[in-house]
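A.B. asks: So that we are looking at the same thing, I have put the structure below in structure tokens.
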Amino acid sequence: MSSSCSSGQTSKKGSNESDLKWWQLSLIGVGCTIGTGYFLGSSIGIGITGPSIVFSFILAAIGTYIVFNVLAQMTAEDPQKGSFCYYARKAYGQWAGFSCGWNYWCSNILIMGSQLTALSILSRFWFPNVPLWVFATGYAIISIIVVLTGTKGFDKIENILAIVKFSAIIMFIILAIAALFGWISGNAEQPDLPTKGNELFAEGFNGFWASLIYAFYAYGGIEVIGIMAMQLQKKGDAPKAGKIMLLGLTVVYVLSLGLAVIMVSLGSFHEKESPFVTALADYNLTFFPHVFNGAIIIAGFSTMTASLYGVTNLLVTLAEDGDAPPLFSKKGKKFKNLPIPSLGLATVGLLASIITALLLPGKIYEYITTAAGILLLYNWFFIIISSFRILKYKLWNKILAFIGLALILAAISGTLLEKEIRPGFFVSLLFVSIICLVCLKMKKVWKKSKSQIRYY
């Protein structure tokens, strides 16, 4: 999962130029969505619920579509650089825009930490004795260097990355089907299709409930469709771009996971290896684990770098809107006109994730992934409730919006049911509490600023 590939940035060709076709927007959305959260984080979901993970992904797809549809409607009606932060401010006031912006920034920092940890875990596939933090440090330094050189033409790069990621999943699907039909030899036992309730829901209803967060996390990044819809040649094509993207993602997600969970026993899956590598481990495909692992690392690193670039620019927008210190809107002349103070703060976040990976190498991926997913869903929740004040809803649209809210709340609350991921919920609450405390402090500043404006 990658969130915020653009993070509210305008097109590099200018905010008034709209030259994006709907299929290009779909590809960008795929590139921003498929990440290590799906390639690696889905292993945690499988361990929690078993084969019913496919149902979790279907429910998450429905919830994701509702959020996307709401955001696309608001964007088409009033396209703005700040996207959902702007709509939150428009619906509920400055405190809402401030809270959404900083919540999104924090979620992206955690997402980068999650990606960074996942990349390190995947790299240990080849170098099992190298400590996790060494890889994390290396990837973080390279990512910062890439950003400092000035990332240009990122939309085109995301199109290429989307094809790489999609191709990796398609490759697994083809090989898995070939293995099931006996076209590939191996030592694996003939899989049995789970049909009974206790086989489908290995850990019962609570396990299924708890797995929702990982399904939603795999769809994280859909908000980029709403953010970039203002760059479309035809603004009315935004819903089509989102529908095609979500349909494609849902089909390959469900099909690939469905094949994975019937090919090997549930006990074989673990969070340190992609479920797709695990599923084909007993077949004579010596090339597959290496090729697939390499594809995930390349894609994951690029997504993490995109997120780093995104949060850097997001903080600039927050500073320009008065929701962050003015320092973070300043740009350095020596580094491609990049906002160095903003990049510095994002780097501090990356550093914190490296230190955490060093101190808690065992469970840090589950904790960070869970917390990042929950923070992202807080923003999705706000997108929907903002739409109640901005859009003129018909009855059916209102019902859909409430279904979306219910699914989001189910995914968040489900994290409390599983002790292995429960700490992630409290980590997300910690971030939200800090944002709320700062927001309360800022309300006095905003009130004072408004009174001075009225005075003059």
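By convention in this document, the chains of the structure tokens carry letters A, B, ... by their order, each chain's residues are numbered from 1, and ligands are numbered from 1 in the order they are shown.
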With only C-alpha atoms as the counted atoms, please give the residues lying no more than 8 Å from A:Leu110, apart from itself and same-chain residues fewer than 4 positions off, as a PyMOL selection string.

C.D. replies: chain A and resi 106+114+353+368-369+371-372

A.B. asks: Rank nothing, just name the residue among A:Leu377, A:Ile169, A:Val147, A:Leu20 nearest to A:Val277, using only C-alpha atoms.

C.D. replies: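 Among the listed residues, the smallest separation from A:Val277 belongs to A:Ile169.
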
A.B. asks: For stretch 68-70 of chain A, work out the shell of residues within 12 Å, counting only C-alpha atoms and skipping chain neighbours fewer than 5 positions away, then give it as a PDB file with N, CA and C atoms, in the first residue's frame.

C.D. replies:
ATOM      1  N   GLY A  29      -3.466   5.139  -9.891  1.00  0.00           N
ATOM      2  CA  GLY A  29      -4.129   4.649  -8.692  1.00  0.00           C
ATOM      3  C   GLY A  29      -3.655   3.265  -8.309  1.00  0.00           C
ATOM      4  N   ALA A  61     -13.240  -3.816  -0.400  1.00  0.00           N
ATOM      5  CA  ALA A  61     -13.413  -3.213  -1.727  1.00  0.00           C
ATOM      6  C   ALA A  61     -14.692  -2.383  -1.780  1.00  0.00           C
ATOM      7  N   ILE A  62     -15.748  -2.894  -1.153  1.00  0.00           N
ATOM      8  CA  ILE A  62     -17.020  -2.155  -1.115  1.00  0.00           C
ATOM      9  C   ILE A  62     -16.842  -0.850  -0.338  1.00  0.00           C
ATOM     10  N   GLY A  63     -16.220  -0.940   0.846  1.00  0.00           N
ATOM     11  CA  GLY A  63     -15.973   0.254   1.658  1.00  0.00           C
ATOM     12  C   GLY A  63     -15.087   1.255   0.951  1.00  0.00           C
ATOM     13  N   THR A  75     -14.711  16.302  -5.403  1.00  0.00           N
ATOM     14  CA  THR A  75     -13.654  16.848  -6.255  1.00  0.00           C
ATOM     15  C   THR A  75     -14.227  17.392  -7.553  1.00  0.00           C
ATOM     16  N   ALA A  76     -15.159  16.654  -8.139  1.00  0.00           N
ATOM     17  CA  ALA A  76     -15.783  17.106  -9.391  1.00  0.00           C
ATOM     18  C   ALA A  76     -16.565  18.394  -9.181  1.00  0.00           C
ATOM     19  N   GLU A  77     -17.186  18.512  -8.015  1.00  0.00           N
ATOM     20  CA  GLU A  77     -18.007  19.682  -7.711  1.00  0.00           C
ATOM     21  C   GLU A  77     -17.165  20.899  -7.352  1.00  0.00           C
ATOM     22  N   SER A  83      -7.591  18.877  -1.413  1.00  0.00           N
ATOM     23  CA  SER A  83      -8.449  17.691  -1.469  1.00  0.00           C
ATOM     24  C   SER A  83      -9.246  17.505  -0.186  1.00  0.00           C
ATOM     25  N   PHE A  84      -9.170  16.305   0.423  1.00  0.00           N
ATOM     26  CA  PHE A  84     -10.051  15.997   1.560  1.00  0.00           C
ATOM     27  C   PHE A  84      -9.781  16.879   2.777  1.00  0.00           C
ATOM     28  N   TYR A  87     -11.949  19.825   2.103  1.00  0.00           N
ATOM     29  CA  TYR A  87     -13.367  19.522   2.285  1.00  0.00           C
ATOM     30  C   TYR A  87     -13.730  19.393   3.764  1.00  0.00           C
ATOM     31  N   TYR A 219      -5.938  -1.606   0.193  1.00  0.00           N
ATOM     32  CA  TYR A 219      -6.587  -0.690  -0.752  1.00  0.00           C
ATOM     33  C   TYR A 219      -6.198   0.772  -0.481  1.00  0.00           C
ATOM     34  N   GLY A 220      -5.411   1.008   0.541  1.00  0.00           N
ATOM     35  CA  GLY A 220      -5.006   2.369   0.875  1.00  0.00           C
ATOM     36  C   GLY A 220      -4.263   3.015  -0.284  1.00  0.00           C
ATOM     37  N   GLY A 221      -4.629   4.223  -0.637  1.00  0.00           N
ATOM     38  CA  GLY A 221      -4.041   4.910  -1.784  1.00  0.00           C
ATOM     39  C   GLY A 221      -5.115   5.314  -2.771  1.00  0.00           C
ATOM     40  N   ILE A 222      -6.340   4.802  -2.561  1.00  0.00           N
ATOM     41  CA  ILE A 222      -7.441   5.126  -3.462  1.00  0.00           C
ATOM     42  C   ILE A 222      -7.738   6.627  -3.464  1.00  0.00           C
ATOM     43  N   GLU A 223      -7.365   7.298  -2.363  1.00  0.00           N
ATOM     44  CA  GLU A 223      -7.646   8.733  -2.281  1.00  0.00           C
ATOM     45  C   GLU A 223      -6.893   9.531  -3.341  1.00  0.00           C
ATOM     46  N   VAL A 224      -5.839   8.928  -3.925  1.00  0.00           N
ATOM     47  CA  VAL A 224      -5.093   9.631  -4.970  1.00  0.00           C
ATOM     48  C   VAL A 224      -5.976   9.874  -6.197  1.00  0.00           C
ATOM     49  N   ILE A 225      -6.975   9.008  -6.411  1.00  0.00           N
ATOM     50  CA  ILE A 225      -7.912   9.201  -7.528  1.00  0.00           C
ATOM     51  C   ILE A 225      -8.669  10.510  -7.333  1.00  0.00           C
ATOM     52  N   GLY A 226      -9.126  10.745  -6.100  1.00  0.00           N
ATOM     53  CA  GLY A 226      -9.833  11.985  -5.811  1.00  0.00           C
ATOM     54  C   GLY A 226      -8.927  13.187  -5.902  1.00  0.00           C
ATOM     55  N   ILE A 227      -7.690  13.013  -5.419  1.00  0.00           N
ATOM     56  CA  ILE A 227      -6.729  14.114  -5.422  1.00  0.00           C
ATOM     57  C   ILE A 227      -6.383  14.543  -6.851  1.00  0.00           C
ATOM     58  N   MET A 228      -6.190  13.548  -7.732  1.00  0.00           N
ATOM     59  CA  MET A 228      -5.714  13.843  -9.081  1.00  0.00           C
ATOM     60  C   MET A 228      -6.836  13.963 -10.109  1.00  0.00           C
ATOM     61  N   ALA A 229      -8.078  13.799  -9.672  1.00  0.00           N
ATOM     62  CA  ALA A 229      -9.203  13.894 -10.609  1.00  0.00           C
ATOM     63  C   ALA A 229      -9.266  15.262 -11.274  1.00  0.00           C
ATOM     64  N   GLY A 236     -15.546  14.340 -15.593  1.00  0.00           N
ATOM     65  CA  GLY A 236     -16.588  13.342 -15.416  1.00  0.00           C
ATOM     66  C   GLY A 236     -16.084  11.914 -15.534  1.00  0.00           C
ATOM     67  N   ASP A 237     -14.826  11.740 -15.972  1.00  0.00           N
ATOM     68  CA  ASP A 237     -14.255  10.395 -16.109  1.00  0.00           C
ATOM     69  C   ASP A 237     -13.699   9.852 -14.792  1.00  0.00           C
ATOM     70  N   ALA A 238     -13.698  10.679 -13.751  1.00  0.00           N
ATOM     71  CA  ALA A 238     -13.127  10.238 -12.465  1.00  0.00           C
ATOM     72  C   ALA A 238     -13.812   8.981 -11.922  1.00  0.00           C
ATOM     73  N   PRO A 239     -15.153   8.932 -11.902  1.00  0.00           N
ATOM     74  CA  PRO A 239     -15.799   7.703 -11.411  1.00  0.00           C
ATOM     75  C   PRO A 239     -15.417   6.469 -12.227  1.00  0.00           C
ATOM     76  N   LYS A 240     -15.305   6.628 -13.569  1.00  0.00           N
ATOM     77  CA  LYS A 240     -14.932   5.496 -14.418  1.00  0.00           C
ATOM     78  C   LYS A 240     -13.521   5.017 -14.094  1.00  0.00           C
ATOM     79  N   ALA A 241     -12.597   5.965 -13.894  1.00  0.00           N
ATOM     80  CA  ALA A 241     -11.220   5.608 -13.569  1.00  0.00           C
ATOM     81  C   ALA A 241     -11.156   4.827 -12.255  1.00  0.00           C
ATOM     82  N   GLY A 242     -11.909   5.293 -11.272  1.00  0.00           N
ATOM     83  CA  GLY A 242     -11.918   4.622  -9.972  1.00  0.00           C
ATOM     84  C   GLY A 242     -12.563   3.256 -10.024  1.00  0.00           C
ATOM     85  N   LYS A 243     -13.663   3.136 -10.779  1.00  0.00           N
ATOM     86  CA  LYS A 243     -14.364   1.855 -10.874  1.00  0.00           C
ATOM     87  C   LYS A 243     -13.501   0.800 -11.554  1.00  0.00           C
ATOM     88  N   MET A 245     -10.234   0.791 -11.820  1.00  0.00           N
ATOM     89  CA  MET A 245      -9.107   0.487 -10.943  1.00  0.00           C
ATOM     90  C   MET A 245      -9.519  -0.462  -9.825  1.00  0.00           C
ATOM     91  N   LEU A 246     -10.619  -0.152  -9.152  1.00  0.00           N
ATOM     92  CA  LEU A 246     -11.074  -0.979  -8.033  1.00  0.00           C
ATOM     93  C   LEU A 246     -11.502  -2.368  -8.483  1.00  0.00           C
ATOM     94  N   TRP A 380     -10.528   8.434   6.096  1.00  0.00           N
ATOM     95  CA  TRP A 380     -11.612   7.983   5.237  1.00  0.00           C
ATOM     96  C   TRP A 380     -12.967   8.248   5.896  1.00  0.00           C
ATOM     97  N   PHE A 381     -13.020   8.030   7.201  1.00  0.00           N
ATOM     98  CA  PHE A 381     -14.235   8.310   7.979  1.00  0.00           C
ATOM     99  C   PHE A 381     -14.604   9.781   7.840  1.00  0.00           C
ATOM    100  N   PHE A 382     -13.596  10.653   7.940  1.00  0.00           N
ATOM    101  CA  PHE A 382     -13.829  12.095   7.852  1.00  0.00           C
ATOM    102  C   PHE A 382     -14.244  12.506   6.444  1.00  0.00           C
ATOM    103  N   ILE A 383     -13.729  11.806   5.429  1.00  0.00           N
ATOM    104  CA  ILE A 383     -14.137  12.099   4.053  1.00  0.00           C
ATOM    105  C   ILE A 383     -15.640  11.909   3.908  1.00  0.00           C
ATOM    106  N   ILE A 384     -16.155  10.807   4.460  1.00  0.00           N
ATOM    107  CA  ILE A 384     -17.586  10.512   4.341  1.00  0.00           C
ATOM    108  C   ILE A 384     -18.431  11.504   5.132  1.00  0.00           C
ATOM    109  N   ILE A 385     -18.040  11.771   6.394  1.00  0.00           N
ATOM    110  CA  ILE A 385     -18.883  12.672   7.195  1.00  0.00           C
ATOM    111  C   ILE A 385     -18.802  14.109   6.688  1.00  0.00           C
ATOM    112  N   SER A 386     -17.696  14.471   6.017  1.00  0.00           N
ATOM    113  CA  SER A 386     -17.612  15.805   5.397  1.00  0.00           C
ATOM    114  C   SER A 386     -18.599  15.915   4.241  1.00  0.00           C
ATOM    115  N   SER A 387     -18.765  14.800   3.537  1.00  0.00           N
ATOM    116  CA  SER A 387     -19.664  14.818   2.372  1.00  0.00           C
ATOM    117  C   SER A 387     -21.114  15.068   2.766  1.00  0.00           C
ATOM    118  N   PHE A 388     -21.499  14.707   4.006  1.00  0.00           N
ATOM    119  CA  PHE A 388     -22.866  14.929   4.454  1.00  0.00           C
ATOM    120  C   PHE A 388     -23.228  16.417   4.456  1.00  0.00           C
ATOM    121  N   ARG A 389     -22.219  17.262   4.685  1.00  0.00           N
ATOM    122  CA  ARG A 389     -22.461  18.710   4.722  1.00  0.00           C
ATOM    123  C   ARG A 389     -22.207  19.397   3.377  1.00  0.00           C
ATOM    124  N   ILE A 390     -21.478  18.710   2.485  1.00  0.00           N
ATOM    125  CA  ILE A 390     -21.095  19.344   1.227  1.00  0.00           C
ATOM    126  C   ILE A 390     -21.967  18.904   0.065  1.00  0.00           C
ATOM    127  N   LEU A 391     -22.271  17.597   0.015  1.00  0.00           N
ATOM    128  CA  LEU A 391     -23.048  17.059  -1.103  1.00  0.00           C
ATOM    129  C   LEU A 391     -24.536  16.993  -0.778  1.00  0.00           C
ATOM    130  N   LYS A 392     -25.347  17.105  -1.804  1.00  0.00           N
ATOM    131  CA  LYS A 392     -26.791  16.944  -1.639  1.00  0.00           C
ATOM    132  C   LYS A 392     -27.135  15.481  -1.927  1.00  0.00           C
ATOM    133  N   TYR A 393     -27.335  14.734  -0.851  1.00  0.00           N
ATOM    134  CA  TYR A 393     -27.525  13.295  -0.970  1.00  0.00           C
ATOM    135  C   TYR A 393     -28.974  12.896  -1.219  1.00  0.00           C
ATOM    136  N   ASN A 397     -27.865   7.200  -1.775  1.00  0.00           N
ATOM    137  CA  ASN A 397     -26.484   7.635  -1.534  1.00  0.00           C
ATOM    138  C   ASN A 397     -26.192   7.753  -0.044  1.00  0.00           C
ATOM    139  N   LYS A 398     -27.197   8.190   0.719  1.00  0.00           N
ATOM    140  CA  LYS A 398     -27.022   8.268   2.172  1.00  0.00           C
ATOM    141  C   LYS A 398     -26.842   6.892   2.773  1.00  0.00           C
ATOM    142  N   LEU A 400     -25.660   4.239   1.281  1.00  0.00           N
ATOM    143  CA  LEU A 400     -24.318   3.781   0.905  1.00  0.00           C
ATOM    144  C   LEU A 400     -23.250   4.406   1.800  1.00  0.00           C
ATOM    145  N   ALA A 401     -23.398   5.700   2.070  1.00  0.00           N
ATOM    146  CA  ALA A 401     -22.432   6.394   2.922  1.00  0.00           C
ATOM    147  C   ALA A 401     -22.407   5.793   4.321  1.00  0.00           C
ATOM    148  N   PHE A 402     -23.564   5.480   4.867  1.00  0.00           N
ATOM    149  CA  PHE A 402     -23.627   4.872   6.202  1.00  0.00           C
ATOM    150  C   PHE A 402     -23.061   3.453   6.203  1.00  0.00           C
ATOM    151  N   GLY A 404     -20.602   2.553   4.287  1.00  0.00           N
ATOM    152  CA  GLY A 404     -19.162   2.816   4.289  1.00  0.00           C
ATOM    153  C   GLY A 404     -18.641   3.117   5.679  1.00  0.00           C
ATOM    154  N   LEU A 405     -19.363   3.964   6.415  1.00  0.00           N
ATOM    155  CA  LEU A 405     -18.973   4.283   7.800  1.00  0.00           C
ATOM    156  C   LEU A 405     -18.965   3.028   8.667  1.00  0.00           C
TER     157      LEU A 405
END

A.B. asks: Using only C-alpha atoms, which residues sit within 9 Å of A:Tyr139 once same-chain residues fewer than 2 positions away are excluded, as JSON, numbers by chain?

C.D. replies: {"A": [116, 119, 120, 134, 135, 136, 137, 141, 142, 143, 144, 301]}

A.B. asks: Give me, as a PDB file with all heavy atoms, in the first residue's frame, all polymer residues having an atom no more than 12 Å from A:Ala319, counting only C-alpha atoms and skipping those fewer than 5 positions away in the same chain.

C.D. replies:
ATOM      1  N   GLY A  82      -6.004  21.076  -1.773  1.00  0.00           N
ATOM      2  CA  GLY A  82      -5.946  20.410  -0.470  1.00  0.00           C
ATOM      3  C   GLY A  82      -6.801  19.170  -0.381  1.00  0.00           C
ATOM      4  O   GLY A  82      -6.755  18.450   0.618  1.00  0.00           O
ATOM      5  N   PHE A  98      -7.094  21.047   9.808  1.00  0.00           N
ATOM      6  CA  PHE A  98      -5.832  20.867  10.525  1.00  0.00           C
ATOM      7  C   PHE A  98      -5.675  19.412  10.959  1.00  0.00           C
ATOM      8  O   PHE A  98      -4.621  18.794  10.745  1.00  0.00           O
ATOM      9  CB  PHE A  98      -5.817  21.789  11.749  1.00  0.00           C
ATOM     10  CG  PHE A  98      -4.625  21.610  12.644  1.00  0.00           C
ATOM     11  CD1 PHE A  98      -3.468  22.349  12.438  1.00  0.00           C
ATOM     12  CD2 PHE A  98      -4.657  20.717  13.702  1.00  0.00           C
ATOM     13  CE1 PHE A  98      -2.367  22.194  13.265  1.00  0.00           C
ATOM     14  CE2 PHE A  98      -3.569  20.553  14.537  1.00  0.00           C
ATOM     15  CZ  PHE A  98      -2.412  21.295  14.313  1.00  0.00           C
ATOM     16  N   GLY A 101      -5.210  16.964   7.972  1.00  0.00           N
ATOM     17  CA  GLY A 101      -3.888  17.122   7.366  1.00  0.00           C
ATOM     18  C   GLY A 101      -2.799  16.444   8.175  1.00  0.00           C
ATOM     19  O   GLY A 101      -1.990  15.679   7.651  1.00  0.00           O
ATOM     20  N   TRP A 102      -2.791  16.705   9.496  1.00  0.00           N
ATOM     21  CA  TRP A 102      -1.750  16.131  10.338  1.00  0.00           C
ATOM     22  C   TRP A 102      -1.955  14.641  10.574  1.00  0.00           C
ATOM     23  O   TRP A 102      -0.997  13.880  10.712  1.00  0.00           O
ATOM     24  CB  TRP A 102      -1.656  16.888  11.664  1.00  0.00           C
ATOM     25  CG  TRP A 102      -0.845  18.139  11.516  1.00  0.00           C
ATOM     26  CD1 TRP A 102      -1.304  19.420  11.426  1.00  0.00           C
ATOM     27  CD2 TRP A 102       0.573  18.214  11.388  1.00  0.00           C
ATOM     28  NE1 TRP A 102      -0.264  20.298  11.259  1.00  0.00           N
ATOM     29  CE2 TRP A 102       0.911  19.584  11.240  1.00  0.00           C
ATOM     30  CE3 TRP A 102       1.593  17.272  11.384  1.00  0.00           C
ATOM     31  CZ2 TRP A 102       2.224  20.014  11.076  1.00  0.00           C
ATOM     32  CZ3 TRP A 102       2.904  17.699  11.226  1.00  0.00           C
ATOM     33  CH2 TRP A 102       3.206  19.058  11.082  1.00  0.00           C
ATOM     34  N   THR A 312       6.398  15.283   2.252  1.00  0.00           N
ATOM     35  CA  THR A 312       7.216  16.501   2.224  1.00  0.00           C
ATOM     36  C   THR A 312       6.407  17.656   1.639  1.00  0.00           C
ATOM     37  O   THR A 312       6.387  18.769   2.194  1.00  0.00           O
ATOM     38  CB  THR A 312       8.495  16.266   1.401  1.00  0.00           C
ATOM     39  OG1 THR A 312       9.258  15.219   2.000  1.00  0.00           O
ATOM     40  CG2 THR A 312       9.344  17.525   1.344  1.00  0.00           C
ATOM     41  N   ASN A 313       5.714  17.403   0.533  1.00  0.00           N
ATOM     42  CA  ASN A 313       4.909  18.442  -0.103  1.00  0.00           C
ATOM     43  C   ASN A 313       3.606  18.711   0.647  1.00  0.00           C
ATOM     44  O   ASN A 313       3.098  19.829   0.634  1.00  0.00           O
ATOM     45  CB  ASN A 313       4.615  18.051  -1.554  1.00  0.00           C
ATOM     46  CG  ASN A 313       5.827  18.247  -2.456  1.00  0.00           C
ATOM     47  OD1 ASN A 313       6.100  19.325  -2.934  1.00  0.00           O
ATOM     48  ND2 ASN A 313       6.574  17.177  -2.644  1.00  0.00           N
ATOM     49  N   LEU A 314       3.073  17.682   1.297  1.00  0.00           N
ATOM     50  CA  LEU A 314       1.867  17.866   2.096  1.00  0.00           C
ATOM     51  C   LEU A 314       2.112  18.858   3.228  1.00  0.00           C
ATOM     52  O   LEU A 314       1.281  19.727   3.510  1.00  0.00           O
ATOM     53  CB  LEU A 314       1.401  16.527   2.668  1.00  0.00           C
ATOM     54  CG  LEU A 314       0.230  16.585   3.656  1.00  0.00           C
ATOM     55  CD1 LEU A 314      -1.030  17.091   2.969  1.00  0.00           C
ATOM     56  CD2 LEU A 314      -0.020  15.211   4.268  1.00  0.00           C
ATOM     57  N   ALA A 324       0.662  24.643   9.869  1.00  0.00           N
ATOM     58  CA  ALA A 324       2.000  24.214  10.277  1.00  0.00           C
ATOM     59  C   ALA A 324       2.885  25.454  10.328  1.00  0.00           C
ATOM     60  O   ALA A 324       2.568  26.469   9.695  1.00  0.00           O
ATOM     61  CB  ALA A 324       2.553  23.191   9.291  1.00  0.00           C
ATOM     62  N   PRO A 325       3.984  25.419  11.093  1.00  0.00           N
ATOM     63  CA  PRO A 325       4.875  26.583  11.168  1.00  0.00           C
ATOM     64  C   PRO A 325       5.339  27.028   9.784  1.00  0.00           C
ATOM     65  O   PRO A 325       5.599  26.184   8.912  1.00  0.00           O
ATOM     66  CB  PRO A 325       6.057  26.058  12.004  1.00  0.00           C
ATOM     67  CG  PRO A 325       5.465  24.982  12.853  1.00  0.00           C
ATOM     68  CD  PRO A 325       4.420  24.339  11.999  1.00  0.00           C
ATOM     69  N   PRO A 326       5.446  28.326   9.528  1.00  0.00           N
ATOM     70  CA  PRO A 326       5.855  28.856   8.211  1.00  0.00           C
ATOM     71  C   PRO A 326       7.191  28.302   7.724  1.00  0.00           C
ATOM     72  O   PRO A 326       7.435  28.265   6.518  1.00  0.00           O
ATOM     73  CB  PRO A 326       5.945  30.374   8.462  1.00  0.00           C
ATOM     74  CG  PRO A 326       5.063  30.624   9.645  1.00  0.00           C
ATOM     75  CD  PRO A 326       5.157  29.398  10.504  1.00  0.00           C
ATOM     76  N   LEU A 327       8.048  27.887   8.664  1.00  0.00           N
ATOM     77  CA  LEU A 327       9.359  27.344   8.313  1.00  0.00           C
ATOM     78  C   LEU A 327       9.242  26.226   7.278  1.00  0.00           C
ATOM     79  O   LEU A 327      10.072  26.117   6.363  1.00  0.00           O
ATOM     80  CB  LEU A 327      10.033  26.805   9.579  1.00  0.00           C
ATOM     81  CG  LEU A 327      11.294  25.942   9.389  1.00  0.00           C
ATOM     82  CD1 LEU A 327      12.443  26.808   8.872  1.00  0.00           C
ATOM     83  CD2 LEU A 327      11.691  25.266  10.697  1.00  0.00           C
ATOM     84  N   PHE A 328       8.185  25.398   7.405  1.00  0.00           N
ATOM     85  CA  PHE A 328       8.070  24.218   6.552  1.00  0.00           C
ATOM     86  C   PHE A 328       7.597  24.530   5.134  1.00  0.00           C
ATOM     87  O   PHE A 328       7.515  23.629   4.301  1.00  0.00           O
ATOM     88  CB  PHE A 328       7.138  23.194   7.211  1.00  0.00           C
ATOM     89  CG  PHE A 328       7.684  22.640   8.494  1.00  0.00           C
ATOM     90  CD1 PHE A 328       7.075  22.936   9.710  1.00  0.00           C
ATOM     91  CD2 PHE A 328       8.822  21.856   8.493  1.00  0.00           C
ATOM     92  CE1 PHE A 328       7.584  22.450  10.899  1.00  0.00           C
ATOM     93  CE2 PHE A 328       9.339  21.351   9.678  1.00  0.00           C
ATOM     94  CZ  PHE A 328       8.724  21.651  10.885  1.00  0.00           C
ATOM     95  N   SER A 329       7.298  25.772   4.852  1.00  0.00           N
ATOM     96  CA  SER A 329       6.933  26.147   3.483  1.00  0.00           C
ATOM     97  C   SER A 329       8.140  26.669   2.704  1.00  0.00           C
ATOM     98  O   SER A 329       8.057  26.895   1.493  1.00  0.00           O
ATOM     99  CB  SER A 329       5.836  27.210   3.494  1.00  0.00           C
ATOM    100  OG  SER A 329       6.303  28.405   4.099  1.00  0.00           O
ATOM    101  N   LYS A 330       9.273  26.857   3.397  1.00  0.00           N
ATOM    102  CA  LYS A 330      10.471  27.383   2.744  1.00  0.00           C
ATOM    103  C   LYS A 330      11.137  26.315   1.884  1.00  0.00           C
ATOM    104  O   LYS A 330      11.153  25.138   2.233  1.00  0.00           O
ATOM    105  CB  LYS A 330      11.453  27.905   3.799  1.00  0.00           C
ATOM    106  CG  LYS A 330      10.928  29.115   4.556  1.00  0.00           C
ATOM    107  CD  LYS A 330      11.958  29.637   5.539  1.00  0.00           C
ATOM    108  CE  LYS A 330      11.445  30.881   6.262  1.00  0.00           C
ATOM    109  NZ  LYS A 330      12.434  31.395   7.245  1.00  0.00           N
ATOM    110  N   LYS A 331      11.699  26.750   0.754  1.00  0.00           N
ATOM    111  CA  LYS A 331      12.343  25.827  -0.171  1.00  0.00           C
ATOM    112  C   LYS A 331      13.795  26.219  -0.391  1.00  0.00           C
ATOM    113  O   LYS A 331      14.137  27.395  -0.439  1.00  0.00           O
ATOM    114  CB  LYS A 331      11.585  25.799  -1.505  1.00  0.00           C
ATOM    115  CG  LYS A 331      10.140  25.317  -1.370  1.00  0.00           C
ATOM    116  CD  LYS A 331       9.440  25.253  -2.702  1.00  0.00           C
ATOM    117  CE  LYS A 331       8.013  24.727  -2.520  1.00  0.00           C
ATOM    118  NZ  LYS A 331       7.291  24.616  -3.806  1.00  0.00           N
ATOM    119  N   PRO A 339      11.487  21.644  -0.490  1.00  0.00           N
ATOM    120  CA  PRO A 339      11.294  22.163   0.868  1.00  0.00           C
ATOM    121  C   PRO A 339      12.128  21.356   1.875  1.00  0.00           C
ATOM    122  O   PRO A 339      11.671  20.347   2.425  1.00  0.00           O
ATOM    123  CB  PRO A 339       9.788  21.967   1.099  1.00  0.00           C
ATOM    124  CG  PRO A 339       9.410  20.829   0.213  1.00  0.00           C
ATOM    125  CD  PRO A 339      10.315  20.899  -0.979  1.00  0.00           C
ATOM    126  N   PRO A 341      13.243  21.948   5.036  1.00  0.00           N
ATOM    127  CA  PRO A 341      12.742  21.759   6.413  1.00  0.00           C
ATOM    128  C   PRO A 341      11.663  20.688   6.495  1.00  0.00           C
ATOM    129  O   PRO A 341      11.635  19.879   7.431  1.00  0.00           O
ATOM    130  CB  PRO A 341      12.189  23.145   6.776  1.00  0.00           C
ATOM    131  CG  PRO A 341      12.938  24.094   5.908  1.00  0.00           C
ATOM    132  CD  PRO A 341      13.132  23.366   4.621  1.00  0.00           C
ATOM    133  N   SER A 342      10.774  20.676   5.507  1.00  0.00           N
ATOM    134  CA  SER A 342       9.705  19.684   5.485  1.00  0.00           C
ATOM    135  C   SER A 342      10.273  18.275   5.301  1.00  0.00           C
ATOM    136  O   SER A 342       9.854  17.325   5.968  1.00  0.00           O
ATOM    137  CB  SER A 342       8.722  20.002   4.355  1.00  0.00           C
ATOM    138  OG  SER A 342       7.707  19.039   4.287  1.00  0.00           O
TER     139      SER A 342
END

A.B. asks: In Å to one decimal, how far is atom CA of A:Ser433 from atom CA of A:Ala88?

C.D. replies: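 Those two atoms sit 18.4 Å apart.
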
A.B. asks: Write out as an NGL selection string each polymer residue whose atoms come within 12 Å of A:Leu440, counting only C-alpha atoms; drop sequence neighbours fewer than 3 positions from it.

C.D. replies: :A and (94-96 or 98-99 or 433-437 or 443-447)

A.B. asks: Pull the helix (DSSP H, G or I) assignments for stretch 195-350 of chain A out of DSSP run on the backbone, and list those residues as a PyMOL selection string.

C.D. replies: chain A and resi 197-200+204-219+223-231+235-263+266-268+275-279+287-320+326-329+340-350

A.B. asks: For a quick check of understanding, using only C-alpha atoms, which of A:Ile44, A:Leu232, A:Ala118, A:Ile262 has the smallest distance to A:Glu418?

C.D. replies: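 Closest candidate: A:Ile44.
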
A.B. asks: Might you pull out every residue within 9 Å of A:Ala179, with only C-alpha atoms counted and same-chain residues fewer than 5 positions away left off, and present them as a VMD selection string?

C.D. replies: chain A and resid 174 184 to 186 263 280 283

A.B. asks: Find the residue from A:Phe431, A:Trp133, A:Tyr253, A:Tyr65 that sits nearest to A:Gly113; use only C-alpha atoms when measuring.

C.D. replies: A:Trp133
